[in-house]
$ cat target-v5.tsv   # TSV, C-alpha atoms
chain	number	residue	atom	x	y	z
A	1	MET	CA	-2.85	69.86	-179.00
A	2	LYS	CA	-3.05	73.53	-179.94
A	3	ARG	CA	-6.80	73.63	-179.36
A	4	HIS	CA	-6.38	72.13	-175.88
A	5	SER	CA	-3.09	73.81	-175.05
A	6	HIS	CA	-4.09	74.61	-171.45
A	7	ASN	CA	-5.23	71.09	-170.60
A	8	GLY	CA	-2.16	69.43	-169.12
A	9	ASP	CA	-3.76	65.99	-168.74
A	10	PHE	CA	-4.88	65.95	-172.36
A	11	LEU	CA	-1.44	67.06	-173.54
A	12	CYS	CA	0.27	64.31	-171.55
A	13	ARG	CA	-1.87	61.73	-173.34
A	14	ALA	CA	-1.23	63.37	-176.70
A	15	LEU	CA	2.53	63.39	-176.10
A	16	TYR	CA	2.45	59.74	-175.09
A	17	SER	CA	0.57	58.94	-178.30
A	18	ALA	CA	3.15	60.87	-180.32
A	19	MET	CA	5.93	58.85	-178.71
A	20	LEU	CA	4.22	55.59	-179.71
A	21	VAL	CA	3.48	56.70	-183.27
A	22	LEU	CA	7.08	57.81	-183.82
A	23	ARG	CA	8.69	54.62	-182.57
A	24	PRO	CA	11.01	53.19	-185.23
A	25	LYS	CA	9.79	50.04	-186.92
A	26	GLY	CA	10.99	46.99	-185.06
A	27	GLY	CA	12.33	49.01	-182.13
A	28	SER	CA	11.28	50.58	-178.88
A	29	GLU	CA	12.42	54.17	-178.66
A	30	GLY	CA	15.47	56.31	-178.99
A	31	CYS	CA	18.97	55.62	-180.19
A	32	LEU	CA	22.38	55.67	-178.61
A	33	PHE	CA	24.80	56.07	-181.46
A	34	LYS	CA	25.08	58.40	-184.41
A	35	GLY	CA	23.46	56.76	-187.43
A	36	ASP	CA	20.70	54.96	-185.54
A	37	GLU	CA	18.32	57.73	-186.55
A	38	MET	CA	18.04	56.29	-190.07
A	39	SER	CA	15.62	53.63	-188.79
A	40	SER	CA	12.87	56.25	-188.56
A	41	LEU	CA	10.70	57.73	-191.32
A	42	ARG	CA	10.23	61.38	-192.26
A	43	ILE	CA	6.69	62.50	-191.45
A	44	GLU	CA	5.49	65.77	-192.95
A	45	ALA	CA	3.00	66.37	-190.14
A	46	VAL	CA	5.86	66.36	-187.65
A	47	LEU	CA	7.59	69.13	-189.57
A	48	ALA	CA	4.40	71.10	-190.18
A	49	GLU	CA	2.78	70.87	-186.74
A	50	GLY	CA	4.44	68.31	-184.50
A	51	VAL	CA	7.64	70.14	-183.61
A	52	SER	CA	5.93	73.36	-182.61
A	53	SER	CA	3.08	71.56	-180.81
A	54	VAL	CA	5.41	69.55	-178.59
A	55	LEU	CA	7.79	72.38	-177.79
A	56	ASP	CA	5.00	74.91	-177.20
A	57	SER	CA	3.28	72.48	-174.82
A	58	MET	CA	6.48	72.04	-172.85
A	59	ARG	CA	7.11	75.77	-172.69
A	60	LEU	CA	3.56	76.50	-171.54
A	61	HIS	CA	3.54	73.80	-168.85
A	62	LEU	CA	7.08	74.07	-167.56
A	63	ASP	CA	5.96	73.50	-163.96
A	64	ASN	CA	4.22	70.21	-164.79
A	65	PRO	CA	6.77	67.39	-164.26
A	66	GLN	CA	4.58	64.72	-165.85
A	67	LEU	CA	4.13	66.78	-169.00
A	68	GLN	CA	7.86	67.52	-169.17
A	69	TYR	CA	8.53	63.80	-168.78
A	70	MET	CA	6.12	62.92	-171.58
A	71	GLY	CA	7.35	65.77	-173.74
A	72	CYS	CA	10.95	64.63	-173.50
A	73	TRP	CA	9.86	61.06	-174.17
A	74	SER	CA	8.17	62.10	-177.41
A	75	LEU	CA	11.27	64.09	-178.38
A	76	VAL	CA	13.39	60.95	-178.03
A	77	ASN	CA	11.62	59.39	-181.00
A	78	MET	CA	10.84	62.57	-182.90
A	79	ALA	CA	14.56	63.35	-183.16
A	80	LEU	CA	15.41	59.98	-184.70
A	81	GLU	CA	14.74	61.19	-188.24
A	82	PRO	CA	17.34	63.71	-189.53
A	83	THR	CA	14.92	66.33	-190.88
A	84	HIS	CA	12.84	66.16	-187.70
A	85	LYS	CA	16.00	66.64	-185.68
A	86	THR	CA	17.07	69.65	-187.73
A	87	ALA	CA	13.64	71.23	-187.28
A	88	LEU	CA	13.74	70.62	-183.53
A	89	LEU	CA	17.17	72.19	-183.19
A	90	SER	CA	16.10	75.22	-185.21
A	91	ALA	CA	13.01	75.59	-183.00
A	92	GLY	CA	15.04	75.71	-179.78
A	93	VAL	CA	14.66	72.18	-178.46
A	94	ILE	CA	17.92	72.33	-176.49
A	95	ASP	CA	16.65	75.31	-174.49
A	96	VAL	CA	13.31	73.61	-173.86
A	97	ILE	CA	14.98	70.46	-172.53
A	98	SER	CA	17.42	72.53	-170.49
A	99	ASP	CA	14.54	74.43	-168.89
A	100	ALA	CA	12.85	71.13	-168.00
A	101	MET	CA	16.03	69.86	-166.36
A	102	ASP	CA	16.54	73.08	-164.41
A	103	ARG	CA	12.95	73.32	-163.22
A	104	HIS	CA	12.71	69.67	-162.15
A	105	VAL	CA	16.12	68.92	-160.67
A	106	ASP	CA	14.48	66.76	-157.98
A	107	GLU	CA	12.64	64.57	-160.48
A	108	PRO	CA	14.90	61.71	-161.64
A	109	LYS	CA	12.27	60.58	-164.16
A	110	VAL	CA	12.35	63.97	-165.88
A	111	GLN	CA	16.15	64.02	-165.83
A	112	PHE	CA	16.24	60.54	-167.36
A	113	ARG	CA	13.94	61.39	-170.26
A	114	ALA	CA	15.62	64.74	-170.83
A	115	LEU	CA	19.04	63.10	-171.04
A	116	PHE	CA	17.65	60.41	-173.32
A	117	ALA	CA	16.29	63.08	-175.66
A	118	LEU	CA	19.63	64.89	-175.70
A	119	ILE	CA	21.61	61.81	-176.73
A	120	ASN	CA	20.60	62.06	-180.36
A	121	LEU	CA	20.24	65.83	-180.53
A	122	VAL	CA	23.82	66.65	-179.55
A	123	THR	CA	25.36	64.61	-182.37
A	124	VAL	CA	24.95	67.51	-184.83
A	125	SER	CA	28.30	69.29	-184.69
A	126	GLY	CA	28.29	73.06	-184.80
A	127	VAL	CA	24.57	73.50	-184.14
A	128	ILE	CA	24.97	74.23	-180.43
A	129	GLN	CA	26.91	77.44	-179.85
A	130	ALA	CA	29.94	77.31	-177.57
A	131	LYS	CA	28.26	79.17	-174.69
A	132	SER	CA	25.15	76.99	-174.89
A	133	ALA	CA	27.27	73.85	-175.15
A	134	GLU	CA	29.11	74.80	-171.98
A	135	GLY	CA	25.87	75.29	-170.06
A	136	LEU	CA	24.48	72.05	-171.42
A	137	ILE	CA	27.57	70.02	-170.53
A	138	ARG	CA	27.56	71.38	-166.98
A	139	ARG	CA	23.84	70.64	-166.67
A	140	VAL	CA	24.34	67.07	-167.86
A	141	MET	CA	27.25	66.62	-165.46
A	142	VAL	CA	25.12	67.79	-162.52
A	143	ALA	CA	22.19	65.52	-163.40
A	144	THR	CA	24.42	62.51	-164.00
A	145	GLY	CA	26.38	63.05	-160.81
A	146	ARG	CA	23.29	63.67	-158.71
A	147	TYR	CA	21.57	60.50	-159.86
A	148	ILE	CA	24.63	58.40	-160.59
A	149	THR	CA	23.24	55.48	-158.57
A	150	TYR	CA	20.24	55.34	-160.91
A	151	PRO	CA	21.37	53.09	-163.80
A	152	ASP	CA	19.07	54.67	-166.41
A	153	VAL	CA	20.01	58.25	-165.56
A	154	ALA	CA	23.73	57.52	-165.26
A	155	GLY	CA	23.77	55.60	-168.53
A	156	ARG	CA	21.93	58.24	-170.53
A	157	GLY	CA	23.93	61.09	-169.01
A	158	CYS	CA	27.20	59.40	-169.89
A	159	MET	CA	25.97	58.81	-173.44
A	160	VAL	CA	25.23	62.53	-173.83
A	161	LEU	CA	28.76	63.35	-172.68
A	162	TYR	CA	30.16	60.69	-174.99
A	163	ASN	CA	28.31	62.14	-177.97
A	164	MET	CA	29.37	65.67	-177.08
A	165	SER	CA	32.97	64.48	-177.00
A	166	LEU	CA	32.62	63.69	-180.71
A	167	ASP	CA	32.92	67.45	-181.28
A	168	ARG	CA	36.52	68.49	-180.67
A	169	GLY	CA	35.31	71.95	-179.73
A	170	ASN	CA	33.98	70.47	-176.48
A	171	HIS	CA	37.17	68.66	-175.47
A	172	VAL	CA	38.73	71.41	-173.36
A	173	LEU	CA	35.61	71.89	-171.24
A	174	LEU	CA	34.89	68.17	-170.90
A	175	LYS	CA	38.41	67.61	-169.59
A	176	ALA	CA	38.31	70.69	-167.35
A	177	ILE	CA	35.15	69.58	-165.55
A	178	LYS	CA	36.41	65.99	-165.32
A	179	ALA	CA	33.75	64.36	-167.48
A	180	PRO	CA	35.88	61.23	-168.07
A	181	ALA	CA	36.20	60.71	-164.31
A	182	LEU	CA	32.43	60.95	-163.85
A	183	ILE	CA	31.79	58.48	-166.67
A	184	CYS	CA	34.37	56.05	-165.27
A	185	ARG	CA	32.77	56.33	-161.84
A	186	ALA	CA	29.38	55.51	-163.33
A	187	ALA	CA	30.87	52.54	-165.17
A	188	GLU	CA	32.36	51.24	-161.91
A	189	LEU	CA	29.05	51.61	-160.07
A	190	HIS	CA	27.18	49.80	-162.85
A	191	SER	CA	29.78	47.23	-163.82
A	192	GLU	CA	27.12	44.98	-165.34
A	193	ASP	CA	26.45	47.61	-168.02
A	194	HIS	CA	28.88	46.71	-170.80
A	195	LEU	CA	27.80	49.61	-172.99
A	196	LEU	CA	28.63	52.06	-170.22
A	197	LYS	CA	32.04	50.43	-169.86
A	198	PHE	CA	32.64	50.95	-173.58
A	199	VAL	CA	31.52	54.58	-173.31
A	200	ALA	CA	33.89	55.19	-170.40
A	201	THR	CA	36.86	53.66	-172.20
A	202	SER	CA	36.14	55.40	-175.50
A	203	THR	CA	35.58	58.82	-173.94
A	204	ALA	CA	38.72	58.57	-171.82
A	205	CYS	CA	40.79	57.66	-174.89
A	206	ARG	CA	39.27	60.43	-176.99
A	207	LEU	CA	39.94	63.08	-174.36
A	208	ALA	CA	43.37	61.83	-173.32
$ encode --input "target-v5.tsv" --output "C-alpha cells"
Amino acid sequence: MKRHSHNGDFLCRALYSAMLVLRPKGGSEGCLFKGDEMSSLRIEAVLAEGVSSVLDSMRLHLDNPQLQYMGCWSLVNMALEPTHKTALLSAGVIDVISDAMDRHVDEPKVQFRALFALINLVTVSGVIQAKSAEGLIRRVMVATGRYITYPDVAGRGCMVLYNMSLDRGNHVLLKAIKAPALICRAAELHSEDHLLKFVATSTACRLA
C-alpha cells in the first residue's frame, strides 16, 4: 500500500482485502456492543504497518469517496481487537473518520461505514477529549438525522450515540442536543428493528 500510495484503485482493493482478512472467525464484520471485540485476533502486522497504511491512505485520498468507504470498512474489523483499537486511537483514527464524514456528507454509503467504524472505537472512555467528543457527537447526530430513513445509517448512528452515552462525561451534551429524541424517532421509523428499539429505550433511561 505504501509503494502504491497514489493509486486509488489499487488501494481500494487492498483495503477491501484487509477487511476480509480481519473478519472475526465465524462472523461477518464489526461489532455492536462492548466486549464483542474479543472475537478477533491480535495481528502484529496490523500494529507494525496496517494502522498507518490504512490511515495514511485515507488522509491522502480524502476526496475519493470509494476509498473512504473501503477505508472505513477495513477499520470496522481492524478495531475489533483491543490492541489494534488502541493503536488506531493513538494514530488519530477519530479525526480521519471525521474528515471522511465531513468531506462526503452527500454519500450515505460513506456515512454508513464511518458510523459503523465509530461504534467500536468510541467505547474507550477517556480517550476522546471533551472538545473532540462534542464535535463527534454533533457530526453523528447530523449524519443520523440526515439519513434517518436509511435503516443501516440510522441504526449505526444510534449505536454510536448509545456507546457514547456509556461515558457519563457525554451525558450533558447528549441531552442538550436531544440525542434520545433522535434515537427514539429512528426506532419509530424502523419499528421492525428490535435492536434499535432496545438502544432507544436504554439510552433514554440512561440519560433520564
$ residues_around --input "target-v5.tsv" --residues "Ala176 (chain A)" --least-positions-apart "6" --cutoff "12 Å" --atoms "all atoms listed in the file" --output "PDB file with C-alpha atoms, in the coordinates of the input"
ATOM      1  CA  GLU A 134      29.110  74.800-171.980  1.00  0.00           C
ATOM      2  CA  ILE A 137      27.570  70.020-170.530  1.00  0.00           C
ATOM      3  CA  ARG A 138      27.560  71.380-166.980  1.00  0.00           C
ATOM      4  CA  MET A 141      27.250  66.620-165.460  1.00  0.00           C
ATOM      5  CA  ASN A 170      33.980  70.470-176.480  1.00  0.00           C
ATOM      6  CA  LEU A 182      32.430  60.950-163.850  1.00  0.00           C
ATOM      7  CA  LEU A 207      39.940  63.080-174.360  1.00  0.00           C
ATOM      8  CA  ALA A 208      43.370  61.830-173.320  1.00  0.00           C
TER       9      ALA A 208
END
$ closest_atom_pairs --input "target-v5.tsv" --of "region 112-162 of chain A" --to "region 89-103 of chain A" --cutoff "9 Å" --atoms "all atoms listed in the file" --output "Markdown table"
| residue | atom | partner | partner_atom | distance |
| --- | --- | --- | --- | --- |
| A:Ala114 | CA | A:Ile97 | CA | 6.0 |
| A:Leu115 | CA | A:Ile97 | CA | 8.5 |
| A:Ala117 | CA | A:Ile97 | CA | 8.1 |
| A:Leu118 | CA | A:Ile94 | CA | 7.7 |
| A:Leu121 | CA | A:Leu89 | CA | 7.5 |
| A:Val122 | CA | A:Ile94 | CA | 8.7 |
| A:Val127 | CA | A:Leu89 | CA | 7.6 |
| A:Ile128 | CA | A:Ile94 | CA | 8.3 |
| A:Ser132 | CA | A:Asp95 | CA | 8.7 |
| A:Gly135 | CA | A:Ser98 | CA | 8.9 |
| A:Leu136 | CA | A:Ser98 | CA | 7.1 |
| A:Arg139 | CA | A:Ser98 | CA | 7.7 |
| A:Val140 | CA | A:Met101 | CA | 8.9 |
| A:Ala143 | CA | A:Met101 | CA | 8.1 |
$ write_last_selection --input "target-v5.tsv" --atoms "C-alpha atoms" --output "compact mmCIF listing (two decimals), keeping the file's coordinate frame"
# COMPACT_ATOMS: atom_id res chain seq x y z
CA ALA A 114 15.62 64.74 -170.83
CA LEU A 115 19.04 63.10 -171.04
CA ALA A 117 16.29 63.08 -175.66
CA LEU A 118 19.63 64.89 -175.70
CA LEU A 121 20.24 65.83 -180.53
CA VAL A 122 23.82 66.65 -179.55
CA VAL A 127 24.57 73.50 -184.14
CA ILE A 128 24.97 74.23 -180.43
CA SER A 132 25.15 76.99 -174.89
CA GLY A 135 25.87 75.29 -170.06
CA LEU A 136 24.48 72.05 -171.42
CA ARG A 139 23.84 70.64 -166.67
CA VAL A 140 24.34 67.07 -167.86
CA ALA A 143 22.19 65.52 -163.40
$ closest_residue --input "target-v5.tsv" --among "A:Ala79, A:Val199, A:Cys184, A:Met58" --to "Val160 (chain A)" --atoms "only C-alpha atoms"
A:Val199
$ atom_distance --input "target-v5.tsv" --atom1 "CA of Ala154 (chain A)" --atom2 "CA of Phe116 (chain A)"
10.5 Å
$ residues_around --input "target-v5.tsv" --residues "Ala18 (chain A)" --least-positions-apart "6" --cutoff "10 Å" --atoms "only C-alpha atoms" --output "mmCIF file with C-alpha atoms, in the frame of the given file"
data_model
loop_
_atom_site.group_PDB
_atom_site.id
_atom_site.type_symbol
_atom_site.label_atom_id
_atom_site.label_comp_id
_atom_site.auth_asym_id
_atom_site.auth_seq_id
_atom_site.Cartn_x
_atom_site.Cartn_y
_atom_site.Cartn_z
ATOM 1 C CA CYS A 12 0.270 64.310 -171.550
ATOM 2 C CA VAL A 46 5.860 66.360 -187.650
ATOM 3 C CA GLY A 50 4.440 68.310 -184.500
ATOM 4 C CA VAL A 54 5.410 69.550 -178.590
ATOM 5 C CA MET A 70 6.120 62.920 -171.580
ATOM 6 C CA GLY A 71 7.350 65.770 -173.740
ATOM 7 C CA TRP A 73 9.860 61.060 -174.170
ATOM 8 C CA SER A 74 8.170 62.100 -177.410
ATOM 9 C CA LEU A 75 11.270 64.090 -178.380
ATOM 10 C CA ASN A 77 11.620 59.390 -181.000
ATOM 11 C CA MET A 78 10.840 62.570 -182.900
#
$ closest_residue --input "target-v5.tsv" --among "A:Cys205, A:Leu166, A:Ala179, A:Ala133" --to "Gly145 (chain A)" --atoms "only C-alpha atoms"
A:Ala179
$ residues_around --input "target-v5.tsv" --residues "Ser202 (chain A)" --least-positions-apart "3" --cutoff "12 Å" --atoms "all atoms listed in the file" --output "list in words"
Cys158, Met159, Leu161, Tyr162, Asn163, Ser165, Leu166, Pro180, Ile183, Cys184, Ala187, Leu195, Leu196, Lys197, Phe198, Val199, Cys205, Arg206, Leu207 and Ala208 of chain A
$ axis_aligned_box --input "target-v5.tsv" --around "region 79-89 of chain A" --padding-each-side "8 Å" --output "AutoDock Vina command-line options"
--center_x 15.1 --center_y 66.1 --center_z -187.0 --size_x 20.5 --size_y 28.2 --size_z 23.7
$ atom_distance --input "target-v5.tsv" --atom1 "CA of Val110 (chain A)" --atom2 "CA of Leu15 (chain A)"
14.2 Å
